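Novice: I'm passing along work-v8.cif; it holds mmCIF, C-alpha atoms and all ligand atoms.
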```cif
data_target
#
loop_
_atom_site.label_atom_id
_atom_site.label_comp_id
_atom_site.auth_asym_id
_atom_site.auth_seq_id
_atom_site.Cartn_x
_atom_site.Cartn_y
_atom_site.Cartn_z
CA MET U 238 20.82 -21.55 13.66
CA SER U 239 22.30 -24.30 15.74
CA THR U 240 19.66 -27.03 15.34
CA THR U 241 19.64 -29.09 12.16
CA PHE U 242 16.79 -30.69 10.28
CA GLU U 243 18.22 -34.11 11.07
CA GLN U 244 18.24 -33.34 14.81
CA VAL U 245 14.64 -32.13 14.77
CA THR U 246 13.30 -35.12 12.88
CA ALA U 247 15.56 -37.90 14.20
CA GLY U 248 13.43 -40.82 15.37
CA LYS U 249 10.19 -38.91 14.82
CA THR U 250 7.35 -39.56 12.46
CA PRO U 251 5.75 -36.66 10.54
CA ALA U 252 2.65 -37.06 12.73
CA GLN U 253 4.72 -36.55 15.87
CA VAL U 254 6.35 -33.41 14.51
CA LEU U 255 2.96 -32.10 13.43
CA GLU U 256 1.54 -32.82 16.85
CA ALA U 257 4.39 -30.93 18.50
CA LEU U 258 3.81 -28.00 16.17
CA GLU U 259 0.09 -27.92 16.79
CA ALA U 260 0.67 -27.92 20.53
CA SER U 261 3.27 -25.14 20.26
CA GLU U 262 2.89 -21.37 20.57
CA VAL U 263 3.64 -20.88 16.87
CA ARG U 264 1.12 -18.64 15.16
CA GLU U 265 0.89 -17.73 11.52
CA TYR U 266 2.21 -14.17 11.28
CA GLY U 267 0.73 -11.49 9.06
CA ILE U 268 -2.66 -11.19 7.42
CA TYR U 269 -3.80 -14.75 8.03
CA ALA U 270 -2.89 -14.74 11.72
CA ASP U 271 -3.97 -17.95 13.45
CA ARG U 272 -2.44 -20.73 15.52
CA ILE U 273 -0.35 -22.85 13.18
CA GLY U 274 -2.69 -25.82 13.74
CA GLY U 275 -5.71 -23.75 12.72
CA HIS U 276 -3.84 -22.38 9.71
CA ILE U 277 -3.01 -25.89 8.50
CA ALA U 278 -6.58 -27.05 9.19
CA LYS U 279 -7.93 -24.32 6.87
CA ALA U 280 -5.62 -25.44 4.06
CA ARG U 281 -6.70 -29.05 4.65
CA GLN U 282 -10.34 -28.07 4.57
CA LEU U 283 -9.90 -26.36 1.19
CA CYS U 284 -8.15 -29.44 -0.18
CA GLY U 285 -10.88 -31.67 1.27
CA GLU U 286 -13.62 -29.60 -0.38
CA ASP U 287 -11.89 -30.01 -3.73
CA GLY U 288 -11.05 -33.69 -3.15
CA THR U 289 -7.30 -33.26 -3.22
CA GLU U 290 -4.24 -33.30 -0.97
CA ILE U 291 -1.85 -30.63 0.27
CA SER U 292 0.50 -30.03 -2.63
CA GLY U 293 3.41 -28.39 -0.84
CA VAL U 294 4.54 -25.63 1.47
CA THR U 295 5.47 -22.07 0.61
CA ALA U 296 7.09 -19.36 2.69
CA ALA U 297 6.80 -15.75 1.59
CA LEU U 298 5.85 -12.29 2.68
CA ASN U 299 2.15 -11.59 2.28
CA ASN U 300 1.41 -10.67 -1.34
CA ALA U 301 0.08 -7.31 -0.13
CA ASP U 302 3.46 -6.40 1.34
CA THR U 303 5.32 -3.79 -0.67
CA ASP U 304 7.64 -2.61 2.11
CA TYR U 305 9.54 -5.86 2.77
CA VAL U 306 10.45 -5.10 6.39
CA GLN U 307 10.37 -8.76 7.43
CA LEU U 308 12.89 -9.72 4.76
CA SER U 309 15.48 -8.53 7.28
CA LEU U 310 14.73 -11.69 9.22
CA LEU U 311 15.59 -13.76 6.18
CA ALA U 312 18.74 -11.74 5.58
CA GLU U 313 19.78 -12.17 9.19
CA ASP U 314 19.36 -15.95 9.31
CA PRO U 315 18.33 -17.58 6.02
CA ALA U 316 19.13 -21.05 7.36
CA LYS U 317 16.50 -20.61 10.08
CA VAL U 318 13.72 -19.75 7.62
CA LEU U 319 14.68 -22.65 5.36
CA LEU U 320 14.76 -25.01 8.35
CA GLY U 321 11.26 -23.94 9.44
CA LEU U 322 9.98 -24.58 5.94
CA ARG U 323 11.57 -28.05 5.87
CA ILE U 324 10.15 -28.97 9.27
CA LEU U 325 6.62 -28.02 8.23
CA ALA U 326 6.97 -29.88 4.93
CA PHE U 327 8.18 -32.98 6.80
CA ALA U 328 5.24 -32.73 9.23
CA LEU U 329 2.81 -32.52 6.33
CA GLY U 330 4.45 -35.33 4.37
CA THR U 331 5.48 -33.28 1.35
CA ASP U 332 8.86 -32.50 -0.14
CA CYS U 333 7.58 -29.70 -2.35
CA MET U 334 8.90 -26.50 -0.76
CA THR U 335 9.14 -23.01 -2.20
CA LEU U 336 10.53 -19.79 -0.80
CA TYR U 337 9.40 -16.60 -2.51
CA LEU U 338 11.35 -13.36 -2.65
CA PRO U 339 9.83 -10.12 -3.96
CA ALA U 340 10.33 -9.58 -7.70
CA ALA U 341 12.87 -6.86 -7.00
CA PHE U 342 15.11 -9.56 -5.56
CA ALA U 343 15.28 -11.62 -8.76
CA PRO U 344 18.96 -11.74 -9.70
CA ALA U 345 18.26 -10.25 -13.12
CA ALA U 346 16.15 -7.48 -11.65
CA VAL U 347 18.51 -6.44 -8.92
CA THR U 348 19.40 -2.96 -9.95
CA ALA U 349 19.00 0.25 -8.04
CA GLN U 350 15.80 0.85 -9.94
CA ALA U 351 14.30 -2.61 -9.43
CA ALA U 352 15.04 -2.66 -5.74
CA GLY U 353 13.09 0.56 -5.67
CA THR U 354 15.26 2.41 -3.23
CA SER U 355 18.96 3.01 -3.57
CA PRO U 356 22.13 1.37 -4.82
CA ALA U 357 22.73 0.26 -1.22
CA ALA U 358 19.34 -1.47 -1.11
CA ALA U 359 19.99 -3.02 -4.51
CA GLY U 360 23.32 -4.29 -3.25
CA LYS U 361 21.64 -5.83 -0.22
CA ALA U 362 19.04 -7.49 -2.44
CA ALA U 363 21.72 -8.94 -4.70
CA GLU U 364 23.70 -10.14 -1.72
CA LEU U 365 20.65 -11.84 -0.16
CA ALA U 366 19.59 -13.49 -3.41
CA SER U 367 23.05 -14.92 -4.03
CA ARG U 368 23.52 -16.04 -0.41
CA LEU U 369 20.18 -17.83 -0.43
CA GLN U 370 20.65 -19.72 -3.68
CA PRO U 371 23.11 -22.41 -2.48
CA LEU U 372 21.38 -22.77 0.91
CA ALA U 373 18.00 -23.27 -0.75
CA GLU U 374 19.43 -25.82 -3.18
CA GLU U 375 20.98 -27.76 -0.35
CA ALA U 376 17.68 -27.77 1.56
CA GLY U 377 15.70 -28.85 -1.50
CA VAL U 378 13.73 -25.61 -1.46
CA ALA U 379 12.83 -23.98 -4.77
CA LEU U 380 13.58 -20.27 -4.81
CA LYS U 381 11.12 -18.12 -6.74
CA THR U 382 10.65 -14.41 -7.12
CA GLY U 383 7.48 -12.37 -7.31
CA ILE U 384 4.24 -12.71 -5.41
CA VAL U 385 2.86 -16.16 -4.62
CA ASP U 386 0.72 -17.38 -7.51
CA MET U 387 -2.39 -18.34 -5.57
CA ARG U 388 -3.89 -20.15 -8.53
CA ALA U 389 -0.90 -22.41 -9.12
CA GLU U 390 -0.29 -22.86 -5.38
CA ARG U 391 -3.92 -23.18 -4.37
CA TYR U 392 -3.43 -26.39 -2.41
CA ALA U 393 -0.16 -25.51 -0.72
CA VAL U 394 0.11 -24.43 2.90
CA HIS U 395 1.31 -20.84 2.77
CA ILE U 396 3.26 -19.49 5.69
CA HIS U 397 4.87 -16.16 6.34
CA ILE U 398 8.66 -15.95 6.52
CA VAL U 399 8.29 -14.97 10.19
CA THR U 400 6.25 -18.12 10.83
CA ALA U 401 8.92 -20.26 9.19
CA ALA U 402 11.54 -18.76 11.50
CA ASP U 403 9.27 -19.33 14.50
CA ILE U 404 8.80 -23.00 13.55
CA ALA U 405 12.57 -23.46 13.52
CA ASP U 406 12.92 -21.65 16.86
CA CYS U 407 10.14 -23.75 18.34
CA PHE U 408 12.39 -26.83 17.96
CA ASP U 409 15.45 -24.95 19.16
CA GLY U 410 14.63 -23.70 22.61
CA GLY U 411 11.39 -21.81 21.95
CA ILE U 412 10.13 -19.04 19.74
CA SER U 413 11.66 -15.61 20.09
CA ASP U 414 9.80 -13.12 22.28
CA THR U 415 10.66 -10.32 19.83
CA VAL U 416 9.57 -9.35 16.33
CA LEU U 417 11.01 -6.90 13.85
CA LEU U 418 9.35 -3.53 13.58
CA SER U 419 10.24 -0.55 11.44
CA VAL U 420 8.90 2.86 12.36
CA ASN U 421 8.76 5.41 9.55
CA GLY U 422 10.97 3.36 7.26
CA GLN U 423 13.91 3.18 9.67
CA GLU U 424 16.04 0.04 10.04
CA PRO U 425 13.84 -2.66 11.59
CA GLN U 426 14.42 -3.15 15.30
CA LYS U 427 13.71 -6.18 17.47
CA VAL U 428 10.90 -5.26 19.84
CA ALA U 429 8.89 -7.22 22.40
CA ARG U 430 6.01 -9.01 20.70
CA LYS U 431 3.44 -7.71 23.12
CA ALA U 432 4.74 -4.12 23.24
CA ALA U 433 2.07 -1.68 22.11
CA VAL U 434 2.71 0.56 19.11
CA GLY U 435 1.98 3.53 21.37
CA GLU U 436 5.14 2.66 23.32
CA LEU U 437 7.27 2.06 20.24
CA ALA U 438 6.42 4.98 17.98
CA ASP U 439 6.21 8.65 18.82
CA LEU U 440 2.56 9.45 18.22
CA ALA U 441 2.56 12.83 19.97
CA LYS U 442 2.23 14.75 16.71
CA ALA U 443 0.48 12.03 14.76
CA LYS U 444 -2.55 12.85 12.69
CA ALA U 445 -2.85 9.34 11.26
CA VAL U 446 -0.97 6.06 11.34
CA TYR U 447 -0.60 3.79 8.33
CA MET U 448 -0.32 0.26 9.60
CA ASN U 449 -1.79 -3.13 8.80
CA TYR U 450 -2.67 -1.87 5.32
CA ARG U 451 -5.03 0.69 6.87
CA TYR U 452 -5.08 4.34 7.81
CA MET U 453 -5.94 4.53 11.50
CA THR U 454 -6.33 7.20 14.09
CA PRO U 455 -3.35 7.45 16.47
CA GLU U 456 -5.61 6.30 19.32
CA GLU U 457 -6.51 3.08 17.47
CA ALA U 458 -2.93 2.44 16.41
CA ALA U 459 -1.48 2.97 19.89
CA LYS U 460 -3.19 -0.15 21.22
CA VAL U 461 -2.00 -2.57 18.52
CA THR U 462 0.75 -4.92 19.68
CA ALA U 463 3.96 -5.34 17.69
CA ASP U 464 3.23 -8.95 16.75
CA SER U 465 -0.08 -7.87 15.23
CA VAL U 466 1.56 -5.41 12.83
CA MET U 467 1.02 -7.48 9.71
CA ASN U 468 4.13 -6.47 7.81
CA GLY U 469 6.25 -4.95 10.56
CA LEU U 470 5.82 -1.38 9.35
CA VAL U 471 4.37 1.58 11.21
CA THR U 472 4.21 4.90 9.39
CA VAL U 473 3.26 7.96 11.38
CA LEU U 474 1.65 10.78 9.43
CA THR U 475 1.73 14.25 10.97
CA GLY U 476 0.08 17.52 10.01
CA SER U 477 2.59 17.98 7.19
CA ASP U 478 1.68 14.63 5.60
CA CYS U 479 -1.35 14.10 3.41
CA VAL U 480 -3.38 10.90 3.78
CA VAL U 481 -4.68 11.18 0.21
CA ALA U 482 -1.21 11.60 -1.30
CA ASP U 483 0.18 8.80 0.85
CA CYS U 484 -2.61 6.48 -0.25
CA GLU U 485 -2.05 7.37 -3.90
CA LYS U 486 1.64 6.48 -3.59
CA ARG U 487 0.83 3.14 -1.95
CA LEU U 488 -1.77 2.26 -4.58
CA LEU U 489 0.88 2.82 -7.25
CA ALA U 490 3.27 0.41 -5.49
CA ASP U 491 0.45 -2.16 -5.23
CA ARG U 492 -0.34 -1.80 -8.88
CA ALA U 493 3.29 -2.41 -9.81
CA GLN U 494 3.25 -5.62 -7.75
CA SER U 495 -0.12 -6.97 -8.92
CA CYS U 496 -0.03 -9.94 -11.31
CA GLY U 497 -3.18 -8.57 -12.94
CA LYS U 498 -4.91 -11.95 -13.28
CA CYS U 499 -8.03 -10.95 -11.31
CA VAL U 500 -10.20 -8.50 -13.19
CA PHE U 501 -11.16 -6.56 -10.08
CA CYS U 502 -7.59 -6.21 -8.89
CA ARG U 503 -6.30 -5.19 -12.31
CA GLU U 504 -9.07 -2.77 -13.22
CA GLY U 505 -9.84 -1.73 -9.66
CA LEU U 506 -6.28 -0.63 -9.03
CA ILE U 507 -6.33 1.46 -12.19
CA GLN U 508 -9.63 3.09 -11.24
CA LEU U 509 -8.79 3.65 -7.57
CA GLY U 510 -5.39 5.05 -8.50
CA TYR U 511 -6.91 7.34 -11.11
CA MET U 512 -9.48 8.78 -8.74
CA GLN U 513 -6.97 9.18 -5.96
CA LYS U 514 -4.67 11.06 -8.31
CA GLU U 515 -7.47 13.28 -9.53
CA ILE U 516 -8.28 14.14 -5.92
CA THR U 517 -4.68 15.04 -5.12
CA GLN U 518 -4.50 17.20 -8.22
CA GLY U 519 -7.60 19.16 -7.35
CA ARG U 520 -9.84 17.50 -9.91
CA GLY U 521 -11.65 15.20 -7.49
CA LYS U 522 -15.42 14.91 -7.74
CA PRO U 523 -17.73 14.04 -4.84
CA GLU U 524 -18.97 10.96 -6.69
CA TYR U 525 -15.43 9.51 -6.65
CA LEU U 526 -15.91 8.58 -3.00
CA ASP U 527 -18.95 6.40 -3.64
CA LEU U 528 -17.39 4.95 -6.75
CA SER U 529 -14.15 4.13 -4.94
CA ARG U 530 -16.16 2.52 -2.14
CA GLU U 531 -18.07 0.38 -4.63
CA ILE U 532 -14.89 -0.72 -6.40
CA GLY U 533 -13.06 -1.31 -3.12
CA GLU U 534 -15.82 -3.46 -1.70
CA ALA U 535 -15.94 -5.54 -4.88
CA MET U 536 -12.16 -6.01 -4.72
CA CYS U 537 -12.36 -7.25 -1.13
CA VAL U 538 -14.68 -10.09 -2.07
CA SER U 539 -13.56 -10.86 -5.63
CA ASP U 540 -9.79 -10.72 -5.56
CA LEU U 541 -7.89 -13.92 -5.03
CA CYS U 542 -5.03 -12.80 -2.87
CA SER U 543 -4.18 -10.32 -0.17
CA LEU U 544 -2.76 -7.80 -2.59
CA GLY U 545 -6.10 -6.92 -4.17
CA GLN U 546 -8.06 -7.35 -0.95
CA GLU U 547 -5.80 -5.29 1.29
CA THR U 548 -5.26 -2.57 -1.29
CA ALA U 549 -8.97 -2.02 -1.38
CA LYS U 550 -9.14 -1.85 2.42
CA LYS U 551 -6.35 0.69 2.50
CA ALA U 552 -8.20 3.02 0.13
CA LEU U 553 -11.51 2.48 1.97
CA SER U 554 -9.97 3.11 5.40
CA GLY U 555 -8.38 6.37 4.23
CA MET U 556 -11.64 7.67 2.83
CA GLU U 557 -13.68 6.63 5.86
CA THR U 558 -11.38 7.52 8.74
CA PHE U 559 -10.11 10.72 7.17
CA ALA U 560 -13.27 11.74 5.37
CA ALA U 561 -12.77 15.40 6.32
CA GLU U 562 -9.36 15.46 4.64
CA TYR U 563 -10.76 13.89 1.48
CA GLY U 564 -13.69 16.32 1.60
CA GLU U 565 -11.35 19.30 1.85
CA HIS U 566 -9.46 18.13 -1.24
CA ILE U 567 -12.62 17.50 -3.22
CA ARG U 568 -14.89 20.36 -2.23
CA LYS U 569 -12.44 23.10 -1.38
CA LYS U 570 -9.58 22.04 -3.64
CA ASN U 571 -7.35 22.39 -0.67
CA CYS U 572 -4.81 20.05 0.83
CA PRO U 573 -4.65 20.79 4.57
CA ALA U 574 -1.08 19.47 4.69
CA GLY U 575 -0.03 21.62 1.74
CA VAL U 576 1.28 18.53 -0.08
CA CYS U 577 -1.16 18.19 -2.98
CA MET U 578 -2.06 20.60 -5.72
CA SER U 579 -0.78 24.02 -6.17
CA LYS U 580 -1.73 26.77 -3.80
CA GLU U 581 -2.10 28.92 -6.88
CA HIS U 582 -5.37 30.55 -7.79
CA TYR U 583 -6.44 31.46 -11.28
CA TYR U 584 -8.27 34.72 -11.86
CA ILE U 585 -9.29 36.97 -14.69
CA ASP U 586 -7.92 40.49 -14.63
CA PRO U 587 -11.06 42.63 -15.01
CA LYS U 588 -9.10 45.42 -16.64
CA LEU U 589 -7.82 43.18 -19.44
CA CYS U 590 -10.82 40.95 -20.14
CA THR U 591 -12.64 41.90 -23.34
CA GLY U 592 -15.56 39.53 -22.72
CA CYS U 593 -14.90 37.34 -25.75
CA GLY U 594 -15.78 34.07 -23.95
CA ASP U 595 -12.96 32.01 -25.47
CA CYS U 596 -11.84 30.87 -22.03
CA GLU U 597 -15.29 29.60 -21.09
CA ASP U 598 -15.34 27.40 -24.18
CA VAL U 599 -12.15 25.55 -23.23
CA CYS U 600 -12.67 25.10 -19.49
CA PRO U 601 -13.11 21.34 -18.89
CA ALA U 602 -14.36 21.96 -15.36
CA ASP U 603 -17.09 24.35 -16.42
CA SER U 604 -15.69 26.81 -13.95
CA ILE U 605 -15.71 30.01 -15.93
CA GLU U 606 -18.84 32.05 -16.12
CA GLY U 607 -19.76 35.18 -17.94
CA ARG U 608 -21.53 36.51 -20.95
CA PRO U 609 -20.27 38.20 -24.15
CA GLN U 610 -19.27 41.81 -23.48
CA TYR U 611 -19.18 41.13 -19.74
CA ILE U 612 -16.12 40.38 -17.65
CA TYR U 613 -15.68 36.65 -17.24
CA MET U 614 -15.05 35.13 -13.79
CA ILE U 615 -13.41 31.91 -12.55
CA ASP U 616 -15.01 29.78 -9.85
CA ASP U 617 -11.97 28.97 -7.72
CA LEU U 618 -13.60 25.96 -6.04
CA GLY U 619 -14.36 24.27 -9.34
CA CYS U 620 -11.10 25.24 -11.06
CA THR U 621 -8.70 22.31 -11.38
CA ARG U 622 -5.72 24.52 -12.32
CA CYS U 623 -5.36 22.86 -15.70
CA GLY U 624 -4.20 26.08 -17.35
CA LYS U 625 -6.23 25.65 -20.54
CA CYS U 626 -7.91 29.04 -20.16
CA ILE U 627 -4.55 30.80 -20.03
CA GLU U 628 -3.63 29.37 -23.40
CA ALA U 629 -7.01 30.33 -24.84
CA CYS U 630 -7.00 33.96 -23.76
CA GLY U 631 -5.54 36.21 -26.44
CA GLU U 632 -5.58 39.20 -24.07
CA GLN U 633 -3.35 37.62 -21.39
CA ALA U 634 -6.16 38.46 -18.98
CA ILE U 635 -5.96 35.21 -17.07
CA GLN U 636 -3.42 35.21 -14.29
CA LYS U 637 -2.15 32.87 -11.60
CA THR U 638 -1.16 33.87 -8.12
CA ALA U 639 0.03 32.05 -5.06
CA GLY U 640 -0.69 35.10 -2.94
CA ARG U 641 -3.86 37.05 -2.26
CA LEU U 642 -6.31 37.56 -5.06
CA PRO U 643 -6.81 41.17 -6.15
CA LYS U 644 -10.26 42.72 -5.90
CA LEU U 645 -12.43 41.03 -8.53
CA PRO U 646 -16.01 41.40 -9.70
CA ASP U 647 -18.48 39.36 -7.67
CA ARG U 648 -21.29 39.72 -10.16
CA LEU U 649 -21.64 40.12 -13.90
CA THR U 650 -20.06 43.42 -14.83
CA ARG U 651 -19.85 44.98 -18.24
CA VAL U 652 -16.41 45.20 -19.78
CA GLY U 653 -14.81 48.52 -18.79
CA ARG U 654 -17.20 49.12 -15.92
CA PHE U 655 -15.31 47.47 -13.09
CA HIS U 656 -13.67 49.75 -10.57
CA ALA U 657 -11.84 48.20 -7.66
CA ARG U 658 -12.48 50.15 -4.54
S1 LIG I 701 -5.57 -10.16 -6.26
FE1 LIG I 701 -4.23 -9.10 -7.70
S2 LIG I 701 -2.17 -9.79 -7.25
FE2 LIG I 701 -3.61 -11.24 -6.26
S3 LIG I 701 -3.90 -12.85 -7.76
FE3 LIG I 701 -5.52 -11.38 -8.15
S4 LIG I 701 -4.64 -9.99 -9.71
FE4 LIG I 701 -2.95 -11.15 -8.84
S1 LIG I 702 -10.59 34.61 -23.07
FE1 LIG I 702 -9.63 36.26 -21.89
S2 LIG I 702 -10.55 38.11 -22.74
FE2 LIG I 702 -11.82 36.40 -23.39
S3 LIG I 702 -13.42 36.29 -21.85
FE3 LIG I 702 -11.79 34.90 -21.19
S4 LIG I 702 -10.53 36.14 -19.90
FE4 LIG I 702 -11.79 37.53 -20.98
S1 LIG I 703 -7.41 26.62 -15.11
FE1 LIG I 703 -8.90 27.72 -16.36
S2 LIG I 703 -9.60 26.19 -17.85
FE2 LIG I 703 -8.59 25.06 -16.21
S3 LIG I 703 -10.22 24.55 -14.79
FE3 LIG I 703 -9.37 26.48 -14.07
S4 LIG I 703 -10.65 28.03 -15.00
FE4 LIG I 703 -11.04 26.16 -16.13
#
```
If you took the structure in this file and wrote it as structure tokens, what would it be?
Specialist:
Amino acid sequence: MSTTFEQVTAGKTPAQVLEALEASEVREYGIYADRIGGHIAKARQLCGEDGTEISGVTAALNNADTDYVQLSLLAEDPAKVLLGLRILAFALGTDCMTLYLPAAFAPAAVTAQAAGTSPAAAGKAAELASRLQPLAEEAGVALKTGIVDMRAERYAVHIHIVTAADIADCFDGGISDTVLLSVNGQEPQKVARKAAVGELADLAKAKAVYMNYRYMTPEEAAKVTADSVMNGLVTVLTGSDCVVADCEKRLLADRAQSCGKCVFCREGLIQLGYMQKEITQGRGKPEYLDLSREIGEAMCVSDLCSLGQETAKKALSGMETFAAEYGEHIRKKNCPAGVCMSKEHYYIDPKLCTGCGDCEDVCPADSIEGRPQYIYMIDDLGCTRCGKCIEACGEQAIQKTAGRLPKLPDRLTRVGRFHAR
């Protein structure tokens, strides 16, 4: 960054800098996308309604972001992000500035495990955190880790790290015409802001695209421009990926990042995650879809920050746009991608079953039918593959197979009377 704070503000009043910003092309990046003037006006309106003033300025990733793609921008040029934050604070007449890093970047938490990826990623996190510390101190910016506490920072103007960099660029020759984009978790690349995702990612074999905290069809995703990708991440799911399993994994990451202060976020994430897991493990029930929808909709309106709100939308979009895939998991206990649940089938060997009924008593899915002295049968669609019947059968009559099922009775048959033809 060649321009300094002193050069930007020399001989200017805060009102003049604010005016220049409002007239600029700078837009808030991410979930709360808006022209910077409109973004500030919304914060002012909230303060006005509560009879207070803007309390400070924060720069962070959106709370809903668990992939951290845009941190690369901070790593590349931390001085630029800090400068943008200072310029906005000056324009708004505050000297309270905070830059948030994800919790995994807290110096004490920087381990391979906390960074969530690899020793190399942990090393990068440690390096960024230590490089930022002296720069932030010098700029008078408080460095915090974790998601932005929207209760404590209610009256601050919150900007995305990308917006902070754009503000600095705006006073140094103009904002960049590129943004960072990562496709399928690869190193983020600088791409033209207005380039369409369809030109940047190979969607030829795509079944779904996870982007903007939603599961979309490839056709929908192809039209989105790079600067509208809210966290800079595009994940292409093909026929060998499962939308349900992907969503379950993302819900887990969201839950780990949630502060848990909103009841709907805390409890909703537990419930949504539980149902999603049950579905992937073949224990999904049709009513889980309605229940998830109800919980998700409540989270959208009741949760305070983007983490709870966007998590809910992600689960809702998966269930709605890929309803057939969810239905296949729930009704047929089948994962079309072959990712979830075992392909194994449980069956009762008609030659070994003595018709005691012990297995029926232990089946939590009510998926074994029969009658004493008759050969018992397993309903494969209802069976959740829990294995409890195997343990209960003293005759070792219950078997598992990943291949074809042998010929089995299709109606109640007395013990000893079944003959496979
Ligand atoms: S929505 Fe979730 S992460 Fe955000 S403030 Fe509420 S509990 Fe915390
Ligand atoms: S417990 Fe075993 S022997 Fe008894 S009914 Fe079930 S399968 Fe048949
Ligand atoms: S594995 Fe056995 S006990 Fe478990 S759900 Fe299937 S039939 Fe029932």
Novice: For a test of reading the model, state the distance in Å between CA of Cys623 in chain U and CA of Asp603 in chain U, rounded to one decimal.
Specialist: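 These atoms are spaced 11.8 Å apart.
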Novice: Would you compute the distance between CA of Asp483 in chain U and CA of Cys600 in chain U? Give it in Å to one decimal.
Specialist: 29.1 Å
Novice: Of the candidates U:Lys460, U:Leu322, U:Pro371, U:Val481, which shows the shortest atom-to-atom distance to Asp403 in chain U, using only C-alpha atoms?
Specialist: U:Leu322
Novice: Could you give me, as a CSV table (one decimal) with C-alpha atoms, keeping the file's coordinate frame, every polymer residue with an atom at most 7 Å away from an atom of ligand LIG 701 (chain I), counting all atoms listed in the file?
Specialist:
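The resulting file, part.csv, is reproduced below:
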```
chain,number,residue,atom,x,y,z
U,300,ASN,CA,1.4,-10.7,-1.3
U,386,ASP,CA,0.7,-17.4,-7.5
U,387,MET,CA,-2.4,-18.3,-5.6
U,494,GLN,CA,3.2,-5.6,-7.8
U,495,SER,CA,-0.1,-7.0,-8.9
U,496,CYS,CA,0.0,-9.9,-11.3
U,497,GLY,CA,-3.2,-8.6,-12.9
U,498,LYS,CA,-4.9,-12.0,-13.3
U,499,CYS,CA,-8.0,-11.0,-11.3
U,500,VAL,CA,-10.2,-8.5,-13.2
U,502,CYS,CA,-7.6,-6.2,-8.9
U,503,ARG,CA,-6.3,-5.2,-12.3
U,540,ASP,CA,-9.8,-10.7,-5.6
U,541,LEU,CA,-7.9,-13.9,-5.0
U,542,CYS,CA,-5.0,-12.8,-2.9
U,543,SER,CA,-4.2,-10.3,-0.2
U,544,LEU,CA,-2.8,-7.8,-2.6
U,545,GLY,CA,-6.1,-6.9,-4.2
U,546,GLN,CA,-8.1,-7.4,-1.0
```
Novice: Return as an mmCIF file with C-alpha atoms, keeping the file's coordinate frame the residues of protein, DNA or RNA that approach ligand LIG 703 (chain I) to within 10 Å, with only C-alpha atoms and all ligand atoms taken into account.
Specialist:
```cif
data_model
loop_
_atom_site.group_PDB
_atom_site.id
_atom_site.type_symbol
_atom_site.label_atom_id
_atom_site.label_comp_id
_atom_site.auth_asym_id
_atom_site.auth_seq_id
_atom_site.Cartn_x
_atom_site.Cartn_y
_atom_site.Cartn_z
ATOM 1 C CA GLY U 519 -7.600 19.160 -7.350
ATOM 2 C CA ARG U 520 -9.840 17.500 -9.910
ATOM 3 C CA HIS U 582 -5.370 30.550 -7.790
ATOM 4 C CA TYR U 583 -6.440 31.460 -11.280
ATOM 5 C CA TYR U 584 -8.270 34.720 -11.860
ATOM 6 C CA ILE U 585 -9.290 36.970 -14.690
ATOM 7 C CA CYS U 596 -11.840 30.870 -22.030
ATOM 8 C CA GLU U 597 -15.290 29.600 -21.090
ATOM 9 C CA ASP U 598 -15.340 27.400 -24.180
ATOM 10 C CA VAL U 599 -12.150 25.550 -23.230
ATOM 11 C CA CYS U 600 -12.670 25.100 -19.490
ATOM 12 C CA PRO U 601 -13.110 21.340 -18.890
ATOM 13 C CA ALA U 602 -14.360 21.960 -15.360
ATOM 14 C CA ASP U 603 -17.090 24.350 -16.420
ATOM 15 C CA SER U 604 -15.690 26.810 -13.950
ATOM 16 C CA ILE U 605 -15.710 30.010 -15.930
ATOM 17 C CA GLU U 606 -18.840 32.050 -16.120
ATOM 18 C CA MET U 614 -15.050 35.130 -13.790
ATOM 19 C CA ILE U 615 -13.410 31.910 -12.550
ATOM 20 C CA ASP U 616 -15.010 29.780 -9.850
ATOM 21 C CA ASP U 617 -11.970 28.970 -7.720
ATOM 22 C CA LEU U 618 -13.600 25.960 -6.040
ATOM 23 C CA GLY U 619 -14.360 24.270 -9.340
ATOM 24 C CA CYS U 620 -11.100 25.240 -11.060
ATOM 25 C CA THR U 621 -8.700 22.310 -11.380
ATOM 26 C CA ARG U 622 -5.720 24.520 -12.320
ATOM 27 C CA CYS U 623 -5.360 22.860 -15.700
ATOM 28 C CA GLY U 624 -4.200 26.080 -17.350
ATOM 29 C CA LYS U 625 -6.230 25.650 -20.540
ATOM 30 C CA CYS U 626 -7.910 29.040 -20.160
ATOM 31 C CA ILE U 627 -4.550 30.800 -20.030
ATOM 32 C CA GLU U 628 -3.630 29.370 -23.400
ATOM 33 C CA ALA U 629 -7.010 30.330 -24.840
ATOM 34 C CA CYS U 630 -7.000 33.960 -23.760
ATOM 35 C CA ILE U 635 -5.960 35.210 -17.070
ATOM 36 C CA GLN U 636 -3.420 35.210 -14.290
ATOM 37 C CA LYS U 637 -2.150 32.870 -11.600
#
```
Novice: Please define a box with edges along x, y and z of the file around all atoms of range 369-387 of chain U given in the file, extend it by 3 Å on each side, and return its centre and edge lengths in Å to one decimal, as JSON.
Specialist:
```
{"center_x": 10.4, "center_y": -20.6, "center_z": -3.0, "size_x": 31.5, "size_y": 22.5, "size_z": 15.1}
```
Novice: What does the structure give for the distance between CA of Asp527 in chain U and CA of Gly505 in chain U, in Å to one decimal?
Specialist: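 These atoms are spaced 13.6 Å apart.
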Novice: So that I can check the surroundings of range 290-292 of chain U, please list as a compact mmCIF listing (two decimals) with C-alpha atoms, keeping the file's coordinate frame every protein, DNA and RNA residue that reaches within 6 Å of it, counting only C-alpha atoms and ignoring chain neighbours fewer than 6 positions away.
Specialist:
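Output below, filename selection_12.txt:
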```txt
# COMPACT_ATOMS: atom_id res chain seq x y z
CA CYS U 284 -8.15 -29.44 -0.18
CA TYR U 392 -3.43 -26.39 -2.41
CA ALA U 393 -0.16 -25.51 -0.72
```
